[in-house]
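This report concerns only the one structure given below.
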2 protein chains.
Amino acid sequence: MVVVLAGGTGGAKLAAALYHQLGPGELAVIANTADDVEVHGVHVSPDPDLVTYWLAGIIDERGWGIRGDSWRVMEALEAAGRPAWFRLGDRDLAMCLIRTELLRSGRRLTEAHAAVVDPLGVHAEVIPMSDDEVRIYVQTPDGSRPFQEFMNLEHPTAPVETVSIRGAAEAAPSPEALAAIERADAIVIGPSNPIISIGPILAVPGIRDALRAAAAPVVAVSPFVGGRAVKGPTDAFMAAAGFERSAGGIIAAYDGLLDGLVADEDVAGTPVRVETTDTLMDDTDARVRLASVVLEVASRLSS
Amino acid sequence: MVVVLAGGTGGAKLAAALYHQLGPGELAVIANTADDVEVHGVHVSPDPDLVTYWLAGIIDERGWGIRGDSWRVMEALEAAGRPAWFRLGDRDLAMCLIRTELLRSGRRLTEAHAAVVDPLGVHAEVIPMSDDEVRIYVQTPDGSRPFQEFMNLEHPTAPVETVSIRGAAEAAPSPEALAAIERADAIVIGPSNPIISIGPILAVPGIRDALRAAAAPVVAVSPFVGGRAVKGPTDAFMAAAGFERSAGGIIAAYDGLLDGLVADEDVAGTPVRVETTDTLMDDTDARVRLASVVLEVASRLSS
């Protein structure tokens, strides 16, 4: 059984390729919930949903939401003058309503998200990192903003000074996440942003210790291709945190956690086993090939 | 300024006709909220919404919801295996999301419903009878059920034994409702079900006293046409409560509250001023004509 830590698109793509390789019941994705957000009173989990829609094969080309979705509810809300900075398609909203209703009735976020995963026919676990509220805030020269507001309202052009992960110190890891880490044969950190996507997962007390205590090797995939992040604001966040935009920067950012790293460049003077390969996942073949390399590296590190 | 007490379709139709006659800013409808219901975690107010959609001129032919609405979110929820006994169109859901978000953020139901009324361009007040939770339960031989479940799951064929209006004794009237009653020139009780639609409004402590203390006359319109309710389960509920299915039964059900009654039959031996006229509101002309008669009766009772 393979555990993937995932945030945005890179991690979701790799998770989908691993699911394709491993088949049903052999994958658990621990997903970042620090950019969860309430929109029109509905609990939206952008990262867990992104992973889920990738696994279900229904991700839209735009990079989020459900393929071919309609926008009737958003159009009505906008016509009624409600804030329109975060848009949800109708099917996407339905999934978020399922989650929200279960949360309001007292269920844990892990249970509530499982009720989104199951009806989409996905036979893998998608586990929120914590059932507690953890939220990432981005500090810019104009002040501190919740992550989704930063991303959607500032597009995100404001310079990043620091990020803070509120609620992390008081949060408990999802019990399902700890159980998955404990029984994993391999643990993969997806090619996601180490600061804002994977950082919040590792900031939940107990998760880093569980990863260190796990029998399985921990293998990361670098999010950098040719020295740049493929998508999203990773570059700015790495710079703000004082890490190089390189495979070496990724090893440093994960601070002793990695046994292996898959990247498109070698790293000198590290105890981490670095496998260099093409890491661009621009089509299904490339994704599946990268997934195979990751599984091979993990397998070699286990033996 | 005219106040209408309304529950289901009859009261909503008459309110729309009065709005047409009176123009903007001259109508306040106090609506029953005892059949409010949570559906997929969303707060639905069937009676206030029915009134609002009638006033906005967007009521669907089926008798509830918004004309030409789509069903994308419901279809997705049903595909995900969620209970489908209460259906909401996409625009209808958007309006309910506005209400729900405001309620969750601590606003009163009266404020939350006003935020539904305003963007629809309705220049009349639609006031929930109370900001507190009041719920009607229907007792049948099989047990007690919340009203919407009784209506939607039993269609409603189960024999009615009694109704109970839970939470009414502890509820406070909406302050906006009391203010409207106090400044009204006429108070109209719509041709709604006296037991399950108007009954809950009158069961909120303070509303009956406010109506008795009001300077304005109270004029009801009988929901019976030719001795039968036009729509809905009024007949069974009147019988269960021990009232005749007649204009006289309406006067008895309102127990001393009425100064006038508009009905399609006369009533002997009552101090209530009874105006007999055709009360069927099967088209706009008939509704507007009935509204004029009601306003005339109120005007005569005031002078």
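Please note that chains go A, B, ... in the order of the structure tokens, that every chain numbers its residues from 1, and that ligands are numbered from 1 in the order shown.
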
Give me, as JSON lines, the closest atom pair and its distance (Å, one decimal) for every residue of segment 29-116 of chain A within a cut-off of 6 Å of segment 72-94 of chain B, counting only C-alpha atoms, rows sorted by chain and rising number.
```
{"residue": "A:Val73", "atom": "CA", "partner": "B:Asp90", "partner_atom": "CA", "distance": 5.3}
{"residue": "A:Ala76", "atom": "CA", "partner": "B:Arg91", "partner_atom": "CA", "distance": 5.5}
{"residue": "A:Leu77", "atom": "CA", "partner": "B:Ala94", "partner_atom": "CA", "distance": 5.7}
{"residue": "A:Asp90", "atom": "CA", "partner": "B:Val73", "partner_atom": "CA", "distance": 5.3}
{"residue": "A:Arg91", "atom": "CA", "partner": "B:Ala76", "partner_atom": "CA", "distance": 5.5}
{"residue": "A:Ala94", "atom": "CA", "partner": "B:Val73", "partner_atom": "CA", "distance": 5.3}
```

Can you list, as JSON, numbers by chain, every residue of segment 114-248 of chain B that DSSP puts in strand (DSSP E)?
{"B": [125, 126, 127, 128, 135, 136, 137, 138, 139, 140, 143, 144, 145, 146, 162, 163, 164, 165, 166, 186, 187, 188, 189, 218, 219, 220, 221, 224, 225, 228, 229]}

Running DSSP on the backbone, which parts of segment 36-252 of chain A land in helix (DSSP H, G or I), as a PyMOL selection string?
chain A and resi 46-55+72-79+90-104+109-120+147-153+175-183+199-203+207-213+234-241+247-252

Which residues come within 7 Å of segment 47-57 of chain A, counting only C-alpha atoms, excluding same-chain residues fewer than 5 positions away, as a PDB file with C-alpha atoms, in the first residue's frame?
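Writing done, so here's result-v9.pdb:
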```pdb
ATOM      1  CA  GLY A   7      -1.381  19.411  -2.210  1.00  0.00           C
ATOM      2  CA  GLY A   8      -2.080  20.915  -5.619  1.00  0.00           C
ATOM      3  CA  ALA A  12      -2.861  15.018  -7.661  1.00  0.00           C
ATOM      4  CA  LYS A  13      -1.506  14.050 -11.099  1.00  0.00           C
ATOM      5  CA  ALA A  16      -3.761   9.496 -10.266  1.00  0.00           C
ATOM      6  CA  ALA A  31      -4.229  15.841   1.390  1.00  0.00           C
ATOM      7  CA  ASN A  32      -3.570  19.359   2.555  1.00  0.00           C
ATOM      8  CA  THR A  33      -6.624  21.094   4.043  1.00  0.00           C
ATOM      9  CA  TRP A  64      -9.848  22.303 -11.000  1.00  0.00           C
ATOM     10  CA  ILE A  66     -15.413  18.683 -12.623  1.00  0.00           C
ATOM     11  CA  VAL A 117     -14.905  10.036  -2.664  1.00  0.00           C
ATOM     12  CA  LEU A 120     -17.437   8.967  -7.476  1.00  0.00           C
ATOM     13  CA  GLY A 121     -16.332   5.327  -7.672  1.00  0.00           C
ATOM     14  CA  VAL A 122     -12.803   5.973  -6.429  1.00  0.00           C
ATOM     15  CA  VAL A 126      -8.334  10.543   0.196  1.00  0.00           C
ATOM     16  CA  PRO A 128      -7.624  15.170   5.006  1.00  0.00           C
TER      17      PRO A 128
END
```

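Checking A:Ala17, A:Leu27, A:Val2, A:Leu97 one by one against chain B, counting only C-alpha atoms, you find the shortest gap at A:Leu97.
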
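Reported to one decimal place, the separation of atom CA of Glu101 of chain A from atom CA of Ser174 of chain B is 27.2 Å.
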
So that I can check the surroundings of Ile250 of chain B, please list as a PyMOL selection string every protein, DNA and RNA residue that reaches within 12 Å of it, counting only C-alpha atoms and ignoring chain neighbours fewer than 3 positions away.
chain B and resi 189-195+198-199+219-224+227+229+234-235+238-239+241-247+253-258+260-263+265-267+270+272+274
